[in-house]
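Here's the structure we're looking at; comments come further down.
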Amino acid sequence: MLPLVSLTLFLPLVGAVLILCLPKPTARTVHSIAIASAALTLVGALAMWLQGVSGDGFSQVEELVWMPAIGAAYRVGVDGISLPLVLLSAVLFLVSLIYASSLRDRPRAYVALILLLETAAIGTFTALDGILFYVFFEVSLVSMYFMIAGWGHEDRQRAALMFFIYTLLGSLPLLLAILGLYLGSPDPTFDMRAWIANPPLEGAAAMWALIAMLITFAVKIPAIPLHTWLPAAHVQAPTVGSVILAGIMLKFGTYGLVRFALQMTPDALRDAGIVVLFFGVVSAIYGAFAALAQTDLKRLVAYTSINHMGYVIVGVAVAALTLDPSVRAVALDGAVLQMFSHGLVTGALFLLVGMIQERAHTREMNEFGGLLKTVPLLGWFFVLAAFASLGLPGLAHFPAEFQIFLATLGTTPVAVVVILGIAIIAGTFLKALREIFLGEPRDRWNRMPDLSPREILAVAPLLALTVATGVAPSWVLDVIHRTTSALVL
């Protein structure tokens, strides 16, 4: 039987190594190899999806002895929580490389970093060994740092350094928590399956491990007040960097919240659930108000990510707090689906913002007006993505957020406050659409070209999946629920 997980995991790395080993390849050759590698990775992810997951733990597990003396091994596999994120990663990296295929400024290094980052992302979601998880988690930081620093905008060096310092220092508490889980195990091991089946820490030790995890994942999500690196990183990052950062890397934090905090320190998270819920609510409301205050379109989309990730935190906190298995399952289903839908919607939004910036060389919303007449295809694509982000029924965010709010309302009245975030985000995007796309076009934008075939090929799949997930979310929820329904018992 083919080792599908490992093949999918390392195909991008093979593509990166091949690109770097070629003597003086042309830009066309570099991009062709990169797109082919990402396309094969998507085929692997689809094969994993067709093979599916069981409801009793991890599926498609592959294991190889690595450091037997300390109980560390190469262990990878998937369940209903990680498999949708693997598929999301494969889709987003492929469309990102399609969009980046016009790059002529050091393309070999650029696409090699993207492919290395894809392996790190899929590795983070599939790792079942604590050390292996941490290795992939950290490799992603290095790749993104060089992408921002090397191909970002005017203040890229400062933004890249802020990103790296924040996330590197934020990762150290997780390493301590992993060591604590290892030392607390009756038979010391880094096997995450053993930590989940029988959480090794209790009492104060579990609470300290949880605090360490929450610090790391709060930086990565990012949650208030550890969010200040995000707007700068997004604004200065190249378009593909923003797509990957928002669409994939923010999910490292929310995925870790479910995989580590909820599954490995469940009692401690229940005790701290109200505090986690509070930070989730604050993040959701603050992100919405901060987005409303922006005039820079890219910063606006960046702050909406804080809002949407706040909903995921709320969903996980509710799942930890409630003792009702059905409510816990609804909360977790919504939280995982929100991770998936956010990657699609925000990835599309950042691509479209990048297309606008390439044409106009500005992101200030008050500089535009009437673009729907000048570039109708770009305009309608943006309208669809904006409506998805504000939670319109029939689009991807609605079934995710509805389940989170339903579970929250059944547990605590705080749901009423959280729902306020949707109203604010709706006002934010309606204001942006009015300023950028409605009215009469200004003379200087009359010659702005509409989307090229390359740009359509990059953004259209994300919008198609956004509609498909909104209209028929069961194609993803069925996979998610196989794991969450067993997890909450």
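Each chain of the structure tokens is named A, B, ... in the order shown, its residues numbered from 1; ligands are numbered from 1 in display order.
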
Can you list, as a ChimeraX atom specification, every residue of stretch 3-97 of chain A that DSSP puts in strand (DSSP E or B)? /A:59-67,72-78

Atoms to include: C-alpha atoms. Write the selected residues as a tab-separated table (two decimals), in the first residue's frame.
```tsv
chain	number	residue	atom	x	y	z
A	59	SER	CA	-6.01	6.76	10.21
A	60	GLN	CA	-3.42	6.22	7.46
A	61	VAL	CA	-0.72	6.09	10.15
A	62	GLU	CA	2.89	5.65	9.02
A	63	GLU	CA	5.67	5.06	11.53
A	64	LEU	CA	9.44	4.68	11.34
A	65	VAL	CA	11.97	4.36	14.16
A	66	TRP	CA	13.87	7.62	14.64
A	67	MET	CA	15.32	8.03	18.15
A	72	ALA	CA	10.76	9.59	19.38
A	73	ALA	CA	9.81	8.30	15.95
A	74	TYR	CA	8.70	9.48	12.53
A	75	ARG	CA	4.95	9.17	13.05
A	76	VAL	CA	2.39	10.73	10.72
A	77	GLY	CA	-1.31	10.21	10.18
A	78	VAL	CA	-4.62	12.04	9.90
```

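Between atom CA of A:Ala38 and atom CA of A:Tyr134 the interatomic distance comes to 23.4 Å.
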
Tell me, counting only C-alpha atoms, for each residue of stretch 82-199 of chain A within 12 Å of stretch 41-52 of chain A, which pair of atoms is nearest and how far apart they are in Å to one decimal, in rows ordered by chain and increasing number, as JSON lines.
```
{"residue": "A:Ser82", "atom": "CA", "partner": "A:Trp49", "partner_atom": "CA", "distance": 10.8}
{"residue": "A:Leu83", "atom": "CA", "partner": "A:Trp49", "partner_atom": "CA", "distance": 7.1}
{"residue": "A:Pro84", "atom": "CA", "partner": "A:Trp49", "partner_atom": "CA", "distance": 8.2}
{"residue": "A:Leu85", "atom": "CA", "partner": "A:Ala45", "partner_atom": "CA", "distance": 9.9}
{"residue": "A:Val86", "atom": "CA", "partner": "A:Ala45", "partner_atom": "CA", "distance": 6.6}
{"residue": "A:Leu87", "atom": "CA", "partner": "A:Ala45", "partner_atom": "CA", "distance": 5.5}
{"residue": "A:Leu88", "atom": "CA", "partner": "A:Ala45", "partner_atom": "CA", "distance": 9.0}
{"residue": "A:Ser89", "atom": "CA", "partner": "A:Leu42", "partner_atom": "CA", "distance": 8.6}
{"residue": "A:Ala90", "atom": "CA", "partner": "A:Leu42", "partner_atom": "CA", "distance": 4.9}
{"residue": "A:Val91", "atom": "CA", "partner": "A:Leu42", "partner_atom": "CA", "distance": 6.4}
{"residue": "A:Leu92", "atom": "CA", "partner": "A:Leu42", "partner_atom": "CA", "distance": 9.6}
{"residue": "A:Phe93", "atom": "CA", "partner": "A:Leu42", "partner_atom": "CA", "distance": 9.0}
{"residue": "A:Leu94", "atom": "CA", "partner": "A:Leu42", "partner_atom": "CA", "distance": 7.6}
{"residue": "A:Val95", "atom": "CA", "partner": "A:Leu42", "partner_atom": "CA", "distance": 10.6}
{"residue": "A:Leu115", "atom": "CA", "partner": "A:Thr41", "partner_atom": "CA", "distance": 10.3}
{"residue": "A:Glu118", "atom": "CA", "partner": "A:Thr41", "partner_atom": "CA", "distance": 9.3}
{"residue": "A:Thr119", "atom": "CA", "partner": "A:Thr41", "partner_atom": "CA", "distance": 9.6}
{"residue": "A:Ile122", "atom": "CA", "partner": "A:Ala45", "partner_atom": "CA", "distance": 9.7}
{"residue": "A:Thr126", "atom": "CA", "partner": "A:Ala45", "partner_atom": "CA", "distance": 11.5}
```

Since we have the selection now, will you write its residues out, keeping N, CA and C atoms, as an mmCIF file, in the first residue's frame?
```
data_model
loop_
_atom_site.group_PDB
_atom_site.id
_atom_site.type_symbol
_atom_site.label_atom_id
_atom_site.label_comp_id
_atom_site.auth_asym_id
_atom_site.auth_seq_id
_atom_site.Cartn_x
_atom_site.Cartn_y
_atom_site.Cartn_z
ATOM 1 N N SER A 82 -7.411 16.997 11.183
ATOM 2 C CA SER A 82 -6.237 17.374 10.381
ATOM 3 C C SER A 82 -6.438 17.199 8.882
ATOM 4 N N LEU A 83 -7.233 16.214 8.459
ATOM 5 C CA LEU A 83 -7.364 15.948 7.022
ATOM 6 C C LEU A 83 -7.932 17.134 6.240
ATOM 7 N N PRO A 84 -8.990 17.832 6.717
ATOM 8 C CA PRO A 84 -9.441 19.022 5.975
ATOM 9 C C PRO A 84 -8.364 20.091 5.849
ATOM 10 N N LEU A 85 -7.501 20.209 6.859
ATOM 11 C CA LEU A 85 -6.447 21.219 6.810
ATOM 12 C C LEU A 85 -5.332 20.811 5.855
ATOM 13 N N VAL A 86 -5.097 19.517 5.709
ATOM 14 C CA VAL A 86 -4.137 19.041 4.705
ATOM 15 C C VAL A 86 -4.655 19.364 3.302
ATOM 16 N N LEU A 87 -5.941 19.085 3.063
ATOM 17 C CA LEU A 87 -6.529 19.397 1.760
ATOM 18 C C LEU A 87 -6.501 20.899 1.497
ATOM 19 N N LEU A 88 -6.835 21.700 2.508
ATOM 20 C CA LEU A 88 -6.778 23.164 2.378
ATOM 21 C C LEU A 88 -5.370 23.619 2.012
ATOM 22 N N SER A 89 -4.371 23.064 2.678
ATOM 23 C CA SER A 89 -2.981 23.437 2.393
ATOM 24 C C SER A 89 -2.618 23.130 0.950
ATOM 25 N N ALA A 90 -2.984 21.935 0.487
ATOM 26 C CA ALA A 90 -2.651 21.546 -0.889
ATOM 27 C C ALA A 90 -3.298 22.483 -1.900
ATOM 28 N N VAL A 91 -4.544 22.859 -1.666
ATOM 29 C CA VAL A 91 -5.239 23.764 -2.583
ATOM 30 C C VAL A 91 -4.602 25.152 -2.562
ATOM 31 N N LEU A 92 -4.388 25.697 -1.374
ATOM 32 C CA LEU A 92 -3.878 27.070 -1.276
ATOM 33 C C LEU A 92 -2.468 27.213 -1.830
ATOM 34 N N PHE A 93 -1.614 26.226 -1.580
ATOM 35 C CA PHE A 93 -0.252 26.331 -2.107
ATOM 36 C C PHE A 93 -0.250 26.219 -3.628
ATOM 37 N N LEU A 94 -1.114 25.390 -4.179
ATOM 38 C CA LEU A 94 -1.161 25.277 -5.638
ATOM 39 C C LEU A 94 -1.625 26.590 -6.268
ATOM 40 N N VAL A 95 -2.702 27.174 -5.772
ATOM 41 C CA VAL A 95 -3.186 28.425 -6.379
ATOM 42 C C VAL A 95 -2.196 29.559 -6.135
ATOM 43 N N LEU A 115 7.596 25.973 -1.512
ATOM 44 C CA LEU A 115 7.475 24.516 -1.464
ATOM 45 C C LEU A 115 7.968 23.957 -0.129
ATOM 46 N N GLU A 118 5.262 24.500 2.248
ATOM 47 C CA GLU A 118 4.160 23.546 2.084
ATOM 48 C C GLU A 118 4.451 22.246 2.820
ATOM 49 N N THR A 119 5.671 21.749 2.705
ATOM 50 C CA THR A 119 6.030 20.544 3.457
ATOM 51 C C THR A 119 5.918 20.785 4.954
ATOM 52 N N ILE A 122 2.022 20.852 5.881
ATOM 53 C CA ILE A 122 1.402 19.529 5.893
ATOM 54 C C ILE A 122 1.995 18.679 7.009
ATOM 55 N N THR A 126 0.025 16.736 10.104
ATOM 56 C CA THR A 126 0.017 15.265 10.088
ATOM 57 C C THR A 126 0.926 14.637 11.140
#
```

Per residue of stretch 303-330 of chain A within 12 Å of stretch 219-241 of chain A, note the shortest atom pair and the distance in Å to one decimal, counting only C-alpha atoms, and order the rows by chain and increasing residue number, as CSV.
```
residue,atom,partner,partner_atom,distance
A:Tyr303,CA,A:Pro231,CA,7.0
A:Thr304,CA,A:Pro231,CA,10.4
A:Ser305,CA,A:Pro222,CA,8.8
A:Ile306,CA,A:Pro222,CA,6.5
A:Asn307,CA,A:Ala223,CA,9.1
A:His308,CA,A:Ile221,CA,10.1
A:Met309,CA,A:Ile221,CA,6.6
A:Gly310,CA,A:Ala223,CA,6.9
A:Tyr311,CA,A:Ala223,CA,10.6
A:Val312,CA,A:Ile221,CA,9.6
A:Ile313,CA,A:Ala223,CA,8.6
A:Val314,CA,A:Ala223,CA,11.2
```

I'd like the interatomic distance between atom CA of A:Ala16 and atom CA of A:Ile33, to a tenth of an Å. 8.6 Å
